[in-house]
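S.K.: The following file, my_file.pdb, comprises PDB, C-alpha atoms:
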ATOM      1  CA  MET A   1      90.876 195.987 204.394
ATOM      2  CA  SER A   2      92.863 194.887 201.344
ATOM      3  CA  ARG A   3      91.861 196.247 197.960
ATOM      4  CA  ALA A   4      90.926 193.872 195.175
ATOM      5  CA  GLY A   5      94.052 192.237 193.820
ATOM      6  CA  ASP A   6      96.159 193.104 196.869
ATOM      7  CA  ALA A   7      97.910 190.219 198.643
ATOM      8  CA  PRO A   8      96.728 189.830 202.236
ATOM      9  CA  ARG A   9      99.160 190.951 204.914
ATOM     10  CA  ARG A  10     101.096 188.039 206.437
ATOM     11  CA  TRP A  11     101.064 188.162 210.206
ATOM     12  CA  PRO A  12     103.301 186.117 212.526
ATOM     13  CA  VAL A  13     101.622 183.657 214.902
ATOM     14  CA  ALA A  14      98.535 185.488 216.160
ATOM     15  CA  LEU A  15      96.741 185.171 219.480
ATOM     16  CA  ALA A  16      93.011 184.445 219.614
ATOM     17  CA  VAL A  17      91.660 184.960 223.124
ATOM     18  CA  ILE A  18      88.431 182.987 223.537
ATOM     19  CA  ALA A  19      86.280 183.986 226.509
ATOM     20  CA  HIS A  20      83.184 182.304 227.884
ATOM     21  CA  GLY A  21      80.774 185.096 226.992
ATOM     22  CA  SER A  22      77.799 186.521 228.870
ATOM     23  CA  ARG A  23      74.632 188.499 228.260
ATOM     24  CA  ASP A  24      75.983 190.983 230.796
ATOM     25  CA  PRO A  25      77.573 193.821 228.767
ATOM     26  CA  ARG A  26      80.226 194.257 231.463
ATOM     27  CA  HIS A  27      81.660 190.878 230.487
ATOM     28  CA  ARG A  28      82.468 191.835 226.893
ATOM     29  CA  ALA A  29      83.766 195.265 227.931
ATOM     30  CA  THR A  30      86.099 193.704 230.513
ATOM     31  CA  VAL A  31      87.491 191.141 228.070
ATOM     32  CA  ARG A  32      88.123 193.876 225.510
ATOM     33  CA  ALA A  33      89.946 195.955 228.140
ATOM     34  CA  LEU A  34      92.143 192.969 228.980
ATOM     35  CA  VAL A  35      92.934 192.392 225.304
ATOM     36  CA  ARG A  36      93.955 196.050 224.960
ATOM     37  CA  ARG A  37      96.371 195.607 227.858
ATOM     38  CA  VAL A  38      97.798 192.465 226.225
ATOM     39  CA  ARG A  39      98.355 194.409 222.999
ATOM     40  CA  ASP A  40     100.085 197.173 224.923
ATOM     41  CA  LEU A  41     102.452 194.648 226.487
ATOM     42  CA  ARG A  42     103.316 193.016 223.156
ATOM     43  CA  PRO A  43     103.229 195.624 220.354
ATOM     44  CA  GLY A  44     103.158 193.980 216.947
ATOM     45  CA  LEU A  45     101.350 190.838 218.109
ATOM     46  CA  ARG A  46      97.970 190.424 216.420
ATOM     47  CA  VAL A  47      95.504 189.776 219.236
ATOM     48  CA  ALA A  48      91.793 189.167 218.686
ATOM     49  CA  ALA A  49      89.011 188.234 221.093
ATOM     50  CA  GLY A  50      85.979 186.006 220.538
ATOM     51  CA  PHE A  51      83.325 184.416 222.716
ATOM     52  CA  LEU A  52      81.955 180.904 223.044
ATOM     53  CA  ASP A  53      78.416 182.062 223.749
ATOM     54  CA  HIS A  54      76.000 184.900 224.426
ATOM     55  CA  CYS A  55      77.839 187.865 222.877
ATOM     56  CA  PRO A  56      79.608 188.726 219.613
ATOM     57  CA  PRO A  57      81.924 188.092 217.986
ATOM     58  CA  GLY A  58      81.750 184.309 218.084
ATOM     59  CA  ALA A  59      84.908 182.230 218.295
ATOM     60  CA  VAL A  60      84.764 180.840 214.731
ATOM     61  CA  PRO A  61      84.053 184.254 213.128
ATOM     62  CA  THR A  62      87.018 185.627 215.086
ATOM     63  CA  LEU A  63      89.337 183.041 213.548
ATOM     64  CA  GLU A  64      87.786 183.655 210.128
ATOM     65  CA  ARG A  65      88.515 187.357 210.495
ATOM     66  CA  LEU A  66      92.134 186.643 211.373
ATOM     67  CA  TYR A  67      92.427 184.410 208.325
ATOM     68  CA  ASP A  68      90.998 187.121 206.067
ATOM     69  CA  GLU A  69      93.633 189.493 207.447
ATOM     70  CA  GLY A  70      96.383 187.120 206.368
ATOM     71  CA  VAL A  71      96.935 185.102 209.547
ATOM     72  CA  ARG A  72      97.900 181.497 208.825
ATOM     73  CA  SER A  73      99.013 180.447 212.300
ATOM     74  CA  ALA A  74      97.450 181.263 215.671
ATOM     75  CA  VAL A  75      97.416 180.245 219.317
ATOM     76  CA  VAL A  76      93.890 179.852 220.673
ATOM     77  CA  LEU A  77      93.840 180.742 224.353
ATOM     78  CA  PRO A  78      90.806 179.741 226.472
ATOM     79  CA  LEU A  79      90.334 182.699 228.838
ATOM     80  CA  LEU A  80      89.323 180.350 231.638
ATOM     81  CA  ILE A  81      90.649 179.574 235.090
ATOM     82  CA  THR A  82      90.553 175.760 234.913
ATOM     83  CA  GLN A  83      90.611 172.987 232.339
ATOM     84  CA  ALA A  84      86.880 172.307 232.566
ATOM     85  CA  PHE A  85      84.290 171.488 229.884
ATOM     86  CA  HIS A  86      84.747 174.625 227.775
ATOM     87  CA  ALA A  87      88.522 174.247 227.604
ATOM     88  CA  GLY A  88      88.487 170.473 227.233
ATOM     89  CA  THR A  89      85.577 170.088 224.815
ATOM     90  CA  ASP A  90      84.347 173.352 223.282
ATOM     91  CA  CYS A  91      87.734 174.780 222.329
ATOM     92  CA  PRO A  92      89.080 171.611 220.677
ATOM     93  CA  ALA A  93      85.810 171.406 218.717
ATOM     94  CA  LEU A  94      86.330 175.010 217.677
ATOM     95  CA  LEU A  95      89.805 174.172 216.397
ATOM     96  CA  ARG A  96      88.480 171.197 214.429
ATOM     97  CA  GLU A  97      85.719 173.281 212.856
ATOM     98  CA  SER A  98      88.132 176.029 211.888
ATOM     99  CA  ALA A  99      90.599 173.502 210.459
ATOM    100  CA  ALA A 100      87.825 172.030 208.311
ATOM    101  CA  ARG A 101      86.939 175.487 207.008
ATOM    102  CA  ARG A 102      90.522 176.651 206.465
ATOM    103  CA  PRO A 103      92.925 173.690 206.076
ATOM    104  CA  ASP A 104      95.902 176.025 205.692
ATOM    105  CA  LEU A 105      95.197 177.767 209.006
ATOM    106  CA  SER A 106      97.471 176.245 211.670
ATOM    107  CA  LEU A 107      95.955 176.419 215.156
ATOM    108  CA  ARG A 108      97.191 175.308 218.536
ATOM    109  CA  GLN A 109      95.408 175.584 221.883
ATOM    110  CA  SER A 110      97.210 176.964 224.910
ATOM    111  CA  ARG A 111      96.740 175.999 228.509
ATOM    112  CA  VAL A 112      94.121 177.783 230.594
ATOM    113  CA  LEU A 113      95.147 180.496 233.049
ATOM    114  CA  GLY A 114      95.428 178.486 236.235
ATOM    115  CA  PRO A 115      97.115 177.353 238.271
ATOM    116  CA  HIS A 116      99.993 179.860 238.065
ATOM    117  CA  PRO A 117     101.747 182.328 240.408
ATOM    118  CA  LEU A 118     100.674 185.232 238.191
ATOM    119  CA  LEU A 119      97.051 184.296 238.842
ATOM    120  CA  ILE A 120      97.672 184.506 242.579
ATOM    121  CA  ALA A 121      99.442 187.842 242.084
ATOM    122  CA  ALA A 122      96.327 189.163 240.326
ATOM    123  CA  LEU A 123      94.120 187.886 243.151
ATOM    124  CA  GLU A 124      96.412 189.661 245.613
ATOM    125  CA  ARG A 125      96.061 192.898 243.636
ATOM    126  CA  ARG A 126      92.271 192.744 243.764
ATOM    127  CA  LEU A 127      92.343 191.784 247.445
ATOM    128  CA  ALA A 128      94.451 194.860 248.214
ATOM    129  CA  GLN A 129      91.738 197.000 246.641
ATOM    130  CA  THR A 130      89.439 196.048 249.532
ATOM    131  CA  GLY A 131      91.853 197.700 251.978
ATOM    132  CA  VAL A 132      93.339 194.447 253.282
ATOM    133  CA  THR A 133      97.081 194.768 253.900
ATOM    134  CA  ALA A 134      99.964 192.358 254.379
ATOM    135  CA  GLY A 135      99.671 192.920 258.114
ATOM    136  CA  ASP A 136      96.170 191.437 258.022
ATOM    137  CA  ARG A 137      97.347 188.047 256.778
ATOM    138  CA  PRO A 138      97.504 186.247 260.165
ATOM    139  CA  LYS A 139      93.878 187.142 261.016
ATOM    140  CA  THR A 140      92.250 187.033 257.568
ATOM    141  CA  GLY A 141      90.598 184.082 255.881
ATOM    142  CA  ILE A 142      89.879 184.107 252.147
ATOM    143  CA  VAL A 143      87.098 182.411 250.226
ATOM    144  CA  LEU A 144      88.409 181.727 246.716
ATOM    145  CA  ALA A 145      85.169 181.657 244.735
ATOM    146  CA  THR A 146      85.074 180.258 241.186
ATOM    147  CA  ALA A 147      82.469 178.960 238.765
ATOM    148  CA  GLY A 148      82.678 175.261 239.653
ATOM    149  CA  SER A 149      82.641 172.290 237.296
ATOM    150  CA  CYS A 150      81.290 168.763 236.947
ATOM    151  CA  ASP A 151      84.915 167.798 236.225
ATOM    152  CA  PRO A 152      86.547 166.916 239.574
ATOM    153  CA  GLU A 153      90.006 167.634 238.152
ATOM    154  CA  ALA A 154      88.997 171.222 237.384
ATOM    155  CA  ASN A 155      87.733 171.666 240.937
ATOM    156  CA  ALA A 156      90.930 170.081 242.232
ATOM    157  CA  ASP A 157      92.870 172.780 240.363
ATOM    158  CA  VAL A 158      90.936 175.422 242.303
ATOM    159  CA  ALA A 159      91.811 173.656 245.554
ATOM    160  CA  ALA A 160      95.462 173.643 244.456
ATOM    161  CA  ILE A 161      95.333 177.400 243.799
ATOM    162  CA  ALA A 162      93.831 177.891 247.266
ATOM    163  CA  ARG A 163      96.599 175.832 248.889
ATOM    164  CA  GLU A 164      99.307 177.736 247.028
ATOM    165  CA  TRP A 165      97.769 181.057 248.030
ATOM    166  CA  ARG A 166      97.471 179.925 251.654
ATOM    167  CA  HIS A 167     101.226 179.332 251.704
ATOM    168  CA  THR A 168     101.827 183.062 251.193
ATOM    169  CA  GLY A 169     100.773 183.680 254.796
ATOM    170  CA  TRP A 170      96.994 184.070 254.914
ATOM    171  CA  CYS A 171      95.271 182.502 257.908
ATOM    172  CA  ALA A 172      93.158 180.305 255.625
ATOM    173  CA  VAL A 173      92.132 180.097 251.966
ATOM    174  CA  ARG A 174      89.074 177.969 251.184
ATOM    175  CA  PRO A 175      87.740 177.193 247.700
ATOM    176  CA  ALA A 176      84.063 177.761 246.927
ATOM    177  CA  PHE A 177      81.953 177.272 243.830
ATOM    178  CA  ALA A 178      79.099 179.252 242.315
ATOM    179  CA  SER A 179      77.545 176.190 240.666
ATOM    180  CA  THR A 180      77.768 172.409 240.250
ATOM    181  CA  ALA A 181      80.065 171.618 243.177
ATOM    182  CA  PRO A 182      80.018 172.299 246.926
ATOM    183  CA  PRO A 183      80.732 174.283 248.983
ATOM    184  CA  GLY A 184      78.970 177.466 247.946
ATOM    185  CA  THR A 185      80.387 180.858 248.858
ATOM    186  CA  ALA A 186      78.072 181.380 251.848
ATOM    187  CA  ASP A 187      78.928 177.912 253.194
ATOM    188  CA  ALA A 188      82.654 178.628 252.907
ATOM    189  CA  VAL A 189      82.210 181.918 254.760
ATOM    190  CA  ARG A 190      80.321 180.140 257.557
ATOM    191  CA  SER A 191      83.044 177.500 257.755
ATOM    192  CA  LEU A 192      85.723 180.134 258.269
ATOM    193  CA  ARG A 193      83.606 181.884 260.890
ATOM    194  CA  ALA A 194      83.158 178.553 262.705
ATOM    195  CA  ASP A 195      86.932 178.175 262.781
ATOM    196  CA  GLY A 196      87.213 181.501 264.580
ATOM    197  CA  ILE A 197      88.629 183.526 261.682
ATOM    198  CA  ARG A 198      88.339 187.207 262.630
ATOM    199  CA  GLN A 199      88.096 188.676 259.134
ATOM    200  CA  VAL A 200      86.679 186.932 256.067
ATOM    201  CA  VAL A 201      87.164 188.203 252.518
ATOM    202  CA  VAL A 202      85.556 186.714 249.405
ATOM    203  CA  SER A 203      87.862 186.775 246.379
ATOM    204  CA  PRO A 204      86.031 186.050 243.088
ATOM    205  CA  CYS A 205      88.291 184.163 240.699
ATOM    206  CA  PHE A 206      86.536 185.261 237.503
ATOM    207  CA  VAL A 207      88.129 187.106 234.610
ATOM    208  CA  ALA A 208      85.015 189.172 233.952
ATOM    209  CA  PRO A 209      81.625 189.952 235.499
ATOM    210  CA  GLY A 210      78.608 187.822 234.701
ATOM    211  CA  MET A 211      75.826 185.731 236.199
ATOM    212  CA  LEU A 212      78.030 183.469 238.331
ATOM    213  CA  ALA A 213      80.215 186.315 239.592
ATOM    214  CA  ASP A 214      77.025 188.142 240.600
ATOM    215  CA  ARG A 215      75.851 185.017 242.444
ATOM    216  CA  VAL A 216      79.114 184.959 244.373
ATOM    217  CA  ALA A 217      78.648 188.629 245.267
ATOM    218  CA  ARG A 218      75.163 187.934 246.651
ATOM    219  CA  GLU A 219      76.395 184.990 248.709
ATOM    220  CA  ALA A 220      79.286 187.086 250.027
ATOM    221  CA  SER A 221      76.924 189.292 252.038
ATOM    222  CA  SER A 222      77.940 187.549 255.270
ATOM    223  CA  ALA A 223      81.656 188.180 254.628
ATOM    224  CA  ASP A 224      83.460 191.303 255.773
ATOM    225  CA  LEU A 225      84.775 192.271 252.356
ATOM    226  CA  LEU A 226      84.329 191.386 248.685
ATOM    227  CA  ALA A 227      87.169 191.828 246.193
ATOM    228  CA  PRO A 228      86.586 192.777 242.528
ATOM    229  CA  VAL A 229      86.860 190.251 239.712
ATOM    230  CA  LEU A 230      90.270 189.871 238.059
ATOM    231  CA  GLY A 231      89.404 191.951 234.993
ATOM    232  CA  ASP A 232      92.287 193.577 233.153
ATOM    233  CA  ALA A 233      94.797 193.178 235.984
ATOM    234  CA  PRO A 234      98.347 193.531 234.606
ATOM    235  CA  GLU A 235      99.208 190.095 235.960
ATOM    236  CA  ILE A 236      96.403 188.490 233.957
ATOM    237  CA  ALA A 237      97.615 190.198 230.783
ATOM    238  CA  ALA A 238     101.136 188.936 231.508
ATOM    239  CA  LEU A 239      99.752 185.437 232.158
ATOM    240  CA  VAL A 240      97.905 185.458 228.827
ATOM    241  CA  LEU A 241     101.189 186.218 227.061
ATOM    242  CA  HIS A 242     102.994 183.572 229.112
ATOM    243  CA  ARG A 243     100.496 180.925 227.982
ATOM    244  CA  TYR A 244     100.841 182.160 224.382
ATOM    245  CA  ASP A 245     104.644 181.875 224.528
ATOM    246  CA  GLU A 246     104.404 178.490 226.229
ATOM    247  CA  ALA A 247     102.112 177.136 223.501
ATOM    248  CA  ARG A 248     104.440 178.359 220.766
ATOM    249  CA  ALA A 249     107.565 176.955 222.403
ATOM    250  CA  ASP A 250     106.221 173.601 223.558
ATOM    251  CA  ARG A 251     103.415 172.621 221.208
ATOM    252  CA  PRO A 252     103.573 168.841 221.538
ATOM    253  CA  ALA A 253     103.512 168.833 225.342
ATOM    254  CA  ARG A 254     101.376 171.803 226.180
ATOM    255  CA  ALA A 255      98.968 172.556 223.352
ATOM    256  CA  ARG A 256      96.306 170.844 221.312
ATOM    257  CA  SER A 257      96.433 170.648 217.578
ATOM    258  CA  ALA A 258      93.490 171.334 215.310
ATOM    259  CA  THR A 259      92.583 167.649 215.510
ATOM    260  CA  GLY A 260      92.005 168.006 219.250
ATOM    261  CA  HIS A 261      94.810 165.617 220.325
ATOM    262  CA  ALA A 262      97.516 166.655 222.765
TER
END
How does this structure look as structure tokens?

M.R.:
Amino acid sequence: MSRAGDAPRRWPVALAVIAHGSRDPRHRATVRALVRRVRDLRPGLRVAAGFLDHCPPGAVPTLERLYDEGVRSAVVLPLLITQAFHAGTDCPALLRESAARRPDLSLRQSRVLGPHPLLIAALERRLAQTGVTAGDRPKTGIVLATAGSCDPEANADVAAIAREWRHTGWCAVRPAFASTAPPGTADAVRSLRADGIRQVVVSPCFVAPGMLADRVAREASSADLLAPVLGDAPEIAALVLHRYDEARADRPARARSATGHA
């Protein structure tokens, strides 16, 4: 903390990672672990984490804290898989509110995590933790389970991730949703069984544990294996930094300004 009369430290463009938030304490702990890994990958980059709901610190207080530290420019990264309501509505509103509070704080919003090959690499890492090997690809079907959205484009992104992952050699990869949209995880497992798939693995596409990830786990009881959530996988940390760099390098095309316009 600066002493009275001291000039605040001037940071380069900071990174504010904004997660969904959950009452489940594992959620906050997992996000913090991921942020630590991001810091380790990019020493000298100021990285802070905030949450949209349910657990502290809130997103606006996080940006306020960065400002008080001397930050005047930051990339706001929605720690979300798809461009659904939170990324398309909540985060732009957050940027507008922060701009109204601190007009000299320049903010830009990055893209969400998916789709991207690094996301699939992280899913592969977690899948390997179940004991599934590359030799199992021809006989293994995967249920790619995510939160689900009322935005059909967000759900289409999940289907695109599933198709891209399928092209790496797995027998089948089917999307499933924990809420809002069909099919549910259990339905997707049954569909793969009906197609004669010998081994079915449920792969939760969630950054951190929480209510919906737990719902997926319950519905995965009829599958053979359940992979862990993505958590602080090195590939997710690398993807966070990729989205940060992308937003800095290509602001007009890829990021949102504080006014919420692309």

S.K.: I'd like the contact shell of segment 203-218 of chain A - 9 Å cut-off, all atoms listed in the file, skipping same-chain residues fewer than 2 positions apart - returned as a PyMOL selection string.

M.R.: chain A and resi 19+21-31+79-81+119+123+126-127+142-147+177-179+184-186+201+220-221+225-232+236

S.K.: Which residue is closest to Ala247 of chain A? Choose from A:Arg193, A:Arg174, A:Arg111, A:Arg163 and count all atoms listed in the file.

M.R.: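 Result for the nearest residue to Ala247 of chain A: A:Arg111.
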
S.K.: Please identify all polymer residues within 7 Å of Ala181 of chain A, counting all atoms listed in the file, omitting same-chain residues fewer than 3 positions from it, and present them as a count of residues only.

M.R.: 4

S.K.: Evaluate the PyMOL selection byres ((chain A and resi 72) around 9) on the structure here and hand back the selected residues as a list in words.

M.R.: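 Applied to this file, the PyMOL selection byres ((chain A and resi 72) around 9) selects Arg10, Trp11, Pro12, Val13, Ala14, Leu66, Tyr67, Gly70, Val71, Ser73, Ala74, Asp104, Leu105, Ser106 and Leu107 of chain A.
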
S.K.: Since I can't run it myself right now, could you work out what the PyMOL selection byres ((chain A and resi 160) around 12) selects here and report it as a ChimeraX atom specification?

M.R.: /A:82,114-117,120,144,153-159,161-167,173-175

S.K.: Rounded to one decimal, what separation in Å do you get between atom CA of Gly44 of chain A and atom CA of Asp68 of chain A?

M.R.: 17.7 Å

S.K.: Determine the nearest neighbour of Thr140 of chain A from the options A:Leu77, A:Leu34, A:Val200, A:Ala128, counting all atoms listed in the file.

M.R.: A:Val200

S.K.: Could you work out how far atom CA of Leu41 of chain A lies from atom CA of Leu241 of chain A, giving the answer in Å with one decimal?

M.R.: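 A separation of 8.5 Å between them.
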
S.K.: Could you list the residues chosen by the PyMOL selection byres ((chain A and resi 245) around 12) in this structure as an MDAnalysis selection string?

M.R.: chainID A and resid 13:15 42 45 74:77 108:111 238:244 246:251 254:255

S.K.: Could you check how far atom CA of Cys171 of chain A sits from atom CA of Lys139 of chain A, in Å to one decimal?

M.R.: 5.8 Å

S.K.: For each of A:Ala233, A:Ala33, A:Ala172, A:Val60, take the minimum atom-to-atom distance to Arg102 of chain A, counting only C-alpha atoms, then give the residue where this is smallest.

M.R.: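 Result for the nearest residue to Arg102 of chain A: A:Val60.
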